[in-house]
$ cat my_file_4.txt   # compact mmCIF, C-alpha atoms
# COMPACT_ATOMS: atom_id res chain seq x y z
CA MET D 1 113.05 135.76 121.73
CA GLU D 2 113.11 139.55 121.64
CA ASP D 3 109.93 141.20 120.39
CA VAL D 4 110.98 143.28 117.41
CA SER D 5 107.49 144.40 116.41
CA GLY D 6 108.55 148.00 117.06
CA HIS D 7 111.83 147.72 115.13
CA PRO D 8 112.18 150.61 112.64
CA ASN D 9 112.22 148.26 109.66
CA ASN D 10 109.00 146.61 110.82
CA LEU D 11 107.33 149.99 111.34
CA ARG D 12 108.32 151.08 107.84
CA MET D 13 107.09 147.81 106.33
CA ARG D 14 103.72 148.31 107.98
CA ALA D 15 103.56 151.88 106.69
CA GLN D 16 104.33 150.68 103.16
CA LYS D 17 101.56 148.09 103.36
CA VAL D 18 99.06 150.75 104.44
CA ARG D 19 100.24 153.03 101.66
CA ALA D 20 99.84 150.21 99.13
CA ARG D 21 96.19 149.88 100.21
CA VAL D 22 95.78 153.63 99.75
CA ARG D 23 97.39 153.54 96.30
CA SER D 24 95.11 150.71 95.18
CA GLY D 25 92.02 152.67 96.27
CA GLU D 26 91.12 150.11 98.92
CA LEU D 27 91.71 152.50 101.83
CA GLN D 28 90.09 155.95 101.65
CA GLN D 29 89.46 156.59 105.36
CA GLN D 30 90.97 159.05 107.82
CA THR D 31 94.39 157.88 108.97
CA SER D 32 94.46 158.51 112.73
CA GLY D 33 95.83 155.40 114.42
CA LEU D 34 97.16 153.84 111.22
CA ALA D 35 100.87 152.92 110.94
CA PRO D 36 101.87 153.51 114.60
CA GLY D 37 105.33 155.00 115.05
CA ILE D 38 105.28 156.59 111.59
CA VAL D 39 105.12 160.28 110.66
CA GLN D 40 102.01 161.36 108.77
CA GLY D 41 101.85 164.57 106.79
CA ASN D 42 99.47 167.31 105.72
CA ILE D 43 99.92 168.18 102.05
CA ALA D 44 99.56 171.21 99.82
CA ILE D 45 100.22 171.05 96.07
CA MET D 46 100.23 174.22 93.99
CA PRO D 47 101.56 175.82 90.79
CA LYS D 48 105.14 177.09 90.80
CA ASP D 49 103.94 180.72 90.55
CA TYR D 50 102.59 180.40 94.11
CA ALA D 51 105.18 178.00 95.54
CA ASN D 52 107.83 180.51 96.66
CA ASP D 53 105.32 182.60 98.58
CA PHE D 54 103.81 179.51 100.19
CA LEU D 55 107.27 178.29 101.19
CA ARG D 56 107.91 181.67 102.83
CA PHE D 57 104.51 181.48 104.55
CA CYS D 58 105.46 178.10 106.05
CA ARG D 59 108.79 179.42 107.29
CA LEU D 60 107.08 182.44 108.87
CA ASN D 61 104.46 180.23 110.53
CA PRO D 62 106.22 177.05 111.69
CA LYS D 63 103.64 176.15 114.36
CA PRO D 64 100.70 175.54 111.98
CA CYS D 65 102.94 174.80 108.98
CA PRO D 66 105.92 172.70 110.15
CA LEU D 67 107.55 171.91 106.83
CA ILE D 68 109.05 168.40 106.55
CA ALA D 69 109.45 168.05 102.77
CA VAL D 70 109.24 169.98 99.49
CA SER D 71 109.25 168.28 96.10
CA LEU D 72 111.23 169.26 93.04
CA LEU D 73 109.21 171.10 90.41
CA GLY D 74 106.90 168.68 88.61
CA ASP D 75 108.25 165.65 90.55
CA SER D 76 105.53 163.50 92.14
CA MET D 77 108.02 161.52 94.26
CA LEU D 78 109.19 162.45 97.77
CA PRO D 79 112.42 160.50 98.38
CA GLU D 80 113.22 162.25 101.66
CA LEU D 81 110.03 160.78 103.15
CA GLY D 82 110.04 157.35 101.47
CA ASP D 83 111.60 155.60 98.48
CA ASP D 84 108.32 154.80 96.72
CA ILE D 85 105.98 157.63 97.75
CA ASP D 86 103.97 158.97 94.82
CA ILE D 87 102.01 162.01 95.93
CA ARG D 88 99.53 161.53 93.07
CA SER D 89 98.07 158.33 94.54
CA ASP D 90 99.29 157.82 98.12
CA VAL D 91 96.88 160.06 100.08
CA PRO D 92 93.53 158.45 101.01
CA MET D 93 91.48 161.48 99.94
CA TYR D 94 92.51 164.76 98.32
CA ARG D 95 90.67 168.08 98.31
CA VAL D 96 90.82 170.01 95.03
CA PHE D 97 90.59 173.82 95.04
CA ARG D 98 89.92 176.09 92.07
CA ASN D 99 90.23 179.84 92.56
CA GLY D 100 90.43 179.25 96.30
CA GLU D 101 87.20 177.25 96.54
CA PRO D 102 87.04 173.51 97.32
CA VAL D 103 85.33 171.84 94.37
CA GLU D 104 85.74 168.11 94.91
CA ASP D 105 87.32 165.34 96.99
CA VAL D 106 89.06 162.58 95.04
CA SER D 107 91.13 159.50 95.90
CA ASP D 108 93.68 159.91 93.07
CA ILE D 109 95.09 162.97 91.30
CA ARG D 110 97.10 161.46 88.47
CA HIS D 111 94.61 162.90 86.00
CA LEU D 112 95.15 166.37 87.52
CA TRP D 113 98.95 166.31 87.64
CA SER D 114 101.10 168.68 85.60
CA ASP D 115 104.79 169.53 85.38
CA ASP D 116 104.42 172.96 87.01
CA LEU D 117 103.26 171.66 90.42
CA VAL D 118 105.21 171.69 93.69
CA THR D 119 104.29 169.53 96.70
CA PHE D 120 104.67 170.64 100.31
CA VAL D 121 104.39 168.17 103.20
CA LEU D 122 103.77 169.51 106.69
CA GLY D 123 104.03 167.75 110.04
CA CYS D 124 100.82 166.35 111.54
CA SER D 125 99.47 166.19 115.10
CA PHE D 126 98.94 162.43 114.78
CA SER D 127 102.64 162.09 115.66
CA PHE D 128 102.39 163.84 119.01
CA GLU D 129 99.07 162.11 119.73
CA GLU D 130 100.93 158.81 119.68
CA ALA D 131 103.39 160.17 122.25
CA LEU D 132 100.49 161.30 124.44
CA LEU D 133 98.87 157.87 124.27
CA GLU D 134 102.16 156.16 125.08
CA ALA D 135 102.35 158.32 128.21
CA GLY D 136 98.90 157.11 129.27
CA LEU D 137 97.07 160.37 128.52
CA PRO D 138 93.53 159.78 127.17
CA LEU D 139 92.41 161.36 123.91
CA ARG D 140 88.64 161.65 123.82
CA HIS D 141 88.24 161.74 120.04
CA ILE D 142 90.18 158.49 119.68
CA GLU D 143 88.21 156.86 122.48
CA ASN D 144 84.98 157.94 120.74
CA GLY D 145 86.17 157.01 117.25
CA THR D 146 85.61 160.57 115.98
CA ASP D 147 87.69 163.39 114.51
CA VAL D 148 89.27 166.04 116.70
CA SER D 149 87.51 169.43 117.03
CA VAL D 150 89.07 172.12 114.82
CA PHE D 151 88.42 175.87 115.01
CA LYS D 152 89.32 179.12 113.28
CA THR D 153 90.74 181.64 115.74
CA SER D 154 91.21 185.39 115.92
CA ILE D 155 95.00 184.91 115.94
CA PRO D 156 96.49 186.17 112.65
CA THR D 157 99.21 184.29 110.85
CA ARG D 158 102.19 186.14 109.35
CA SER D 159 101.41 186.81 105.71
CA ALA D 160 103.59 186.06 102.68
CA GLY D 161 102.54 187.33 99.28
CA PRO D 162 98.89 186.37 98.78
CA PHE D 163 98.89 183.91 101.69
CA SER D 164 97.28 185.24 104.87
CA GLY D 165 94.52 184.36 107.27
CA PRO D 166 93.70 183.23 110.79
CA LEU D 167 95.44 180.49 112.72
CA VAL D 168 93.42 177.27 112.87
CA VAL D 169 93.68 175.11 116.00
CA SER D 170 92.67 171.64 117.14
CA MET D 171 91.32 171.11 120.65
CA ARG D 172 91.86 168.25 123.09
CA PRO D 173 90.54 168.31 126.69
CA PHE D 174 92.53 167.12 129.71
CA SER D 175 92.39 167.14 133.47
CA PRO D 176 94.67 169.84 134.96
CA VAL D 177 97.39 167.30 135.84
CA ASP D 178 97.24 165.67 132.42
CA ALA D 179 97.23 169.08 130.71
CA ILE D 180 100.62 169.93 132.22
CA ARG D 181 102.02 166.59 131.08
CA ALA D 182 100.54 167.03 127.58
CA ILE D 183 102.30 170.38 127.24
CA GLN D 184 105.61 168.86 128.34
CA ILE D 185 105.31 165.94 125.91
CA THR D 186 104.27 167.89 122.83
CA THR D 187 107.01 170.47 123.37
CA ARG D 188 109.38 167.69 122.26
CA PHE D 189 107.83 167.65 118.77
CA PRO D 190 108.26 171.08 117.14
CA SER D 191 108.23 169.49 113.66
CA VAL D 192 104.67 168.26 114.24
CA HIS D 193 103.11 171.44 115.75
CA GLY D 194 104.85 171.28 119.13
CA ALA D 195 103.28 172.62 122.33
CA PRO D 196 99.78 174.13 122.48
CA VAL D 197 99.30 177.75 121.47
CA HIS D 198 96.56 178.29 124.07
CA MET D 199 94.90 176.66 127.05
CA GLY D 200 91.71 177.55 128.90
CA ASP D 201 89.07 180.07 127.85
CA PRO D 202 88.42 179.62 124.09
CA ALA D 203 86.89 183.10 123.83
CA LEU D 204 90.36 184.61 124.35
CA ILE D 205 91.36 183.32 120.92
CA GLY D 206 88.08 184.14 119.21
CA ILE D 207 86.26 180.82 119.58
CA ARG D 208 82.68 181.64 120.52
CA ASP D 209 81.26 178.16 121.02
CA ILE D 210 83.45 175.16 121.73
CA ALA D 211 80.47 172.93 120.92
CA SER D 212 80.43 174.23 117.31
CA PRO D 213 83.75 173.38 115.65
CA ASP D 214 84.47 174.65 112.14
CA TRP D 215 85.79 171.20 111.18
CA GLY D 216 85.80 167.78 112.79
CA ASP D 217 83.48 166.58 115.53
CA VAL D 218 82.25 167.99 118.83
CA ILE D 219 84.41 166.95 121.79
CA THR D 220 82.50 167.54 125.02
CA LEU D 221 84.43 168.87 128.01
CA LEU D 222 83.78 166.96 131.21
CA PRO D 223 83.59 168.79 134.58
CA GLY D 224 87.03 170.00 135.65
CA GLU D 225 88.67 169.52 132.27
CA ILE D 226 90.79 172.16 130.54
CA PRO D 227 90.77 172.59 126.75
CA LEU D 228 94.20 172.71 125.12
CA PHE D 229 94.55 174.17 121.62
CA TRP D 230 97.30 173.19 119.17
CA ALA D 231 98.18 174.91 115.89
CA CYS D 232 96.58 172.84 113.15
CA GLY D 233 97.49 171.79 109.61
CA VAL D 234 94.10 172.95 108.36
CA THR D 235 95.55 176.49 108.54
CA PRO D 236 97.06 176.24 105.02
CA GLN D 237 93.65 175.39 103.60
CA THR D 238 92.20 178.63 104.96
CA VAL D 239 95.05 180.76 103.60
CA ILE D 240 94.81 179.00 100.24
CA GLY D 241 91.17 180.03 100.20
CA ASN D 242 92.23 183.62 100.77
CA ALA D 243 95.06 183.52 98.21
CA ARG D 244 92.72 182.06 95.58
CA PRO D 245 95.28 180.31 93.36
CA PRO D 246 93.67 179.07 90.14
CA PHE D 247 94.42 175.49 91.15
CA CYS D 248 95.57 173.77 94.33
CA ILE D 249 95.29 170.37 95.99
CA THR D 250 95.43 169.51 99.70
CA HIS D 251 94.56 166.43 101.72
CA LYS D 252 91.00 166.06 102.94
CA PRO D 253 91.20 166.88 106.67
CA SER D 254 92.41 163.87 108.72
CA HIS D 255 93.29 161.93 105.52
CA MET D 256 97.08 162.18 105.73
CA LEU D 257 100.09 161.04 103.76
CA ILE D 258 101.72 158.11 105.57
CA THR D 259 105.50 158.36 105.19
CA ASP D 260 108.40 156.02 106.00
CA ARG D 261 109.86 158.40 108.59
CA LEU D 262 109.70 157.52 112.29
CA ASN D 263 108.05 159.74 114.89
CA ALA D 264 111.15 159.21 117.03
CA GLU D 265 113.23 161.01 114.38
CA PHE D 266 111.25 164.19 115.04
CA SER D 267 111.60 164.25 118.84
CA ILE D 268 114.17 166.77 120.09
CA LEU D 269 114.49 165.35 123.63
$ encode --input "my_file_4.txt" --output "structure tokens"
Amino acid sequence: MEDVSGHPNNLRMRAQKVRARVRSGELQQQTSGLAPGIVQGNIAIMPKDYANDFLRFCRLNPKPCPLIAVSLLGDSMLPELGDDIDIRSDVPMYRVFRNGEPVEDVSDIRHLWSDDLVTFVLGCSFSFEEALLEAGLPLRHIENGTDVSVFKTSIPTRSAGPFSGPLVVSMRPFSPVDAIRAIQITTRFPSVHGAPVHMGDPALIGIRDIASPDWGDVITLLPGEIPLFWACGVTPQTVIGNARPPFCITHKPSHMLITDRLNAEFSIL
């Protein structure tokens, strides 16, 4: 009998089961490796007075902010990503900002919801990581059971209204041969950050010490390895800090929204 474990309907059913565990509060962990084959998303939720400028910021900076969904004003549902997704409860951990400063991490935001909020969902690197693993390319942070290394850079983003700040990148090391293949593979996924923005010397993009990431965990380079740097969905959190909206909610880094969309839908080749 044919193995249909990877059938789209089965993948979506698994994603819905994971999301049900999130909604119940049972699952509050980072989501790398959960719901294989399914798109995960970075989120940013903000008042309508800031939403148009943030939308423009995303469109001006598609590498770090690849927009895959925008909610209607005050609507907590995201039907284009899944029939039953409720953004108020379906992210494992949220980060709450007030006046641009993170003030708390919570597992549910129903008590914080209001009718003037707009939700943005951005593509996540977990999608292209799955493609890399399927091609047999090792990912050290997954092998070690840690988070990826994430850094602020000296590369400016294109500003929109109050939103401006440096590009944030995630780093993954590869052998030279694997680095070429990793670039080829991730180029196929522009909706989830696409190809790297830099490879090689981190100092050229303003990273002084690769052993001191701004977020995530240290990923040690082995002899002969090359660091590759991808635009990262933490970028919006830095520009939100600079814009200082009175209220905003994002995901806690690496704690993503699991959708019902398939990674294969976002591949262009």
$ atom_distance --input "my_file_4.txt" --atom1 "atom CA of D:Arg19" --atom2 "atom CA of D:Phe97"
23.9 Å
$ atom_distance --input "my_file_4.txt" --atom1 "atom CA of D:Ile87" --atom2 "atom CA of D:Ala69"
11.8 Å
$ atom_distance --input "my_file_4.txt" --atom1 "atom CA of D:Pro253" --atom2 "atom CA of D:Pro47"
21.0 Å
$ closest_residue --input "my_file_4.txt" --among "D:Phe54, D:Ile45, D:Pro202, D:Leu34" --to "D:Tyr94" --atoms "all atoms listed in the file"
D:Ile45
$ residues_around --input "my_file_4.txt" --residues "stretch 127-143 of chain D" --least-positions-apart "3" --cutoff "8 Å" --atoms "only C-alpha atoms" --output "ChimeraX atom specification"
/D:36-40,124,146-148,172-174,178,182,185-186,189,192,194,219,263
$ residues_around --input "my_file_4.txt" --residues "stretch 229-246 of chain D" --least-positions-apart "3" --cutoff "8 Å" --atoms "all atoms listed in the file" --output "ChimeraX atom specification"
/D:42,44,46,50,63-65,97-101,122-125,150,162-172,193-199,250,253
$ residues_around --input "my_file_4.txt" --residues "stretch 11-13 of chain D" --least-positions-apart "3" --cutoff "10 Å" --atoms "all atoms listed in the file" --output "PDB file with C-alpha atoms, in the frame of the given file"
ATOM      1  CA  VAL D   4     110.980 143.280 117.410  1.00  0.00           C
ATOM      2  CA  SER D   5     107.490 144.400 116.410  1.00  0.00           C
ATOM      3  CA  GLY D   6     108.550 148.000 117.060  1.00  0.00           C
ATOM      4  CA  HIS D   7     111.830 147.720 115.130  1.00  0.00           C
ATOM      5  CA  PRO D   8     112.180 150.610 112.640  1.00  0.00           C
ATOM      6  CA  GLN D  16     104.330 150.680 103.160  1.00  0.00           C
ATOM      7  CA  LYS D  17     101.560 148.090 103.360  1.00  0.00           C
ATOM      8  CA  VAL D  18      99.060 150.750 104.440  1.00  0.00           C
ATOM      9  CA  ARG D  19     100.240 153.030 101.660  1.00  0.00           C
ATOM     10  CA  ALA D  35     100.870 152.920 110.940  1.00  0.00           C
ATOM     11  CA  PRO D  36     101.870 153.510 114.600  1.00  0.00           C
ATOM     12  CA  GLY D  37     105.330 155.000 115.050  1.00  0.00           C
ATOM     13  CA  ILE D  38     105.280 156.590 111.590  1.00  0.00           C
ATOM     14  CA  GLY D  82     110.040 157.350 101.470  1.00  0.00           C
ATOM     15  CA  ILE D 258     101.720 158.110 105.570  1.00  0.00           C
ATOM     16  CA  THR D 259     105.500 158.360 105.190  1.00  0.00           C
ATOM     17  CA  ASP D 260     108.400 156.020 106.000  1.00  0.00           C
ATOM     18  CA  ARG D 261     109.860 158.400 108.590  1.00  0.00           C
ATOM     19  CA  LEU D 262     109.700 157.520 112.290  1.00  0.00           C
TER      20      LEU D 262
END
$ closest_residue --input "my_file_4.txt" --among "D:Ala264, D:Ile180, D:Met256, D:Ile109" --to "D:Gly33" --atoms "all atoms listed in the file"
D:Met256
$ residues_around --input "my_file_4.txt" --residues "D:Met93" --least-positions-apart "3" --cutoff "6 Å" --atoms "all atoms listed in the file" --output "ChimeraX atom specification"
/D:28,106-107,252,255
$ axis_aligned_box --input "my_file_4.txt" --around "stretch 163-172 of chain D" --padding-each-side "6 Å" --output "lines of an AutoDock Vina configuration file"
center_x = 95.1
center_y = 176.7
center_z = 112.4
size_x = 19.6
size_y = 29.0
size_z = 33.4
$ closest_residue --input "my_file_4.txt" --among "D:Leu228, D:Ser175, D:Leu221, D:Asp115" --to "D:Gly200" --atoms "only C-alpha atoms"
D:Leu228
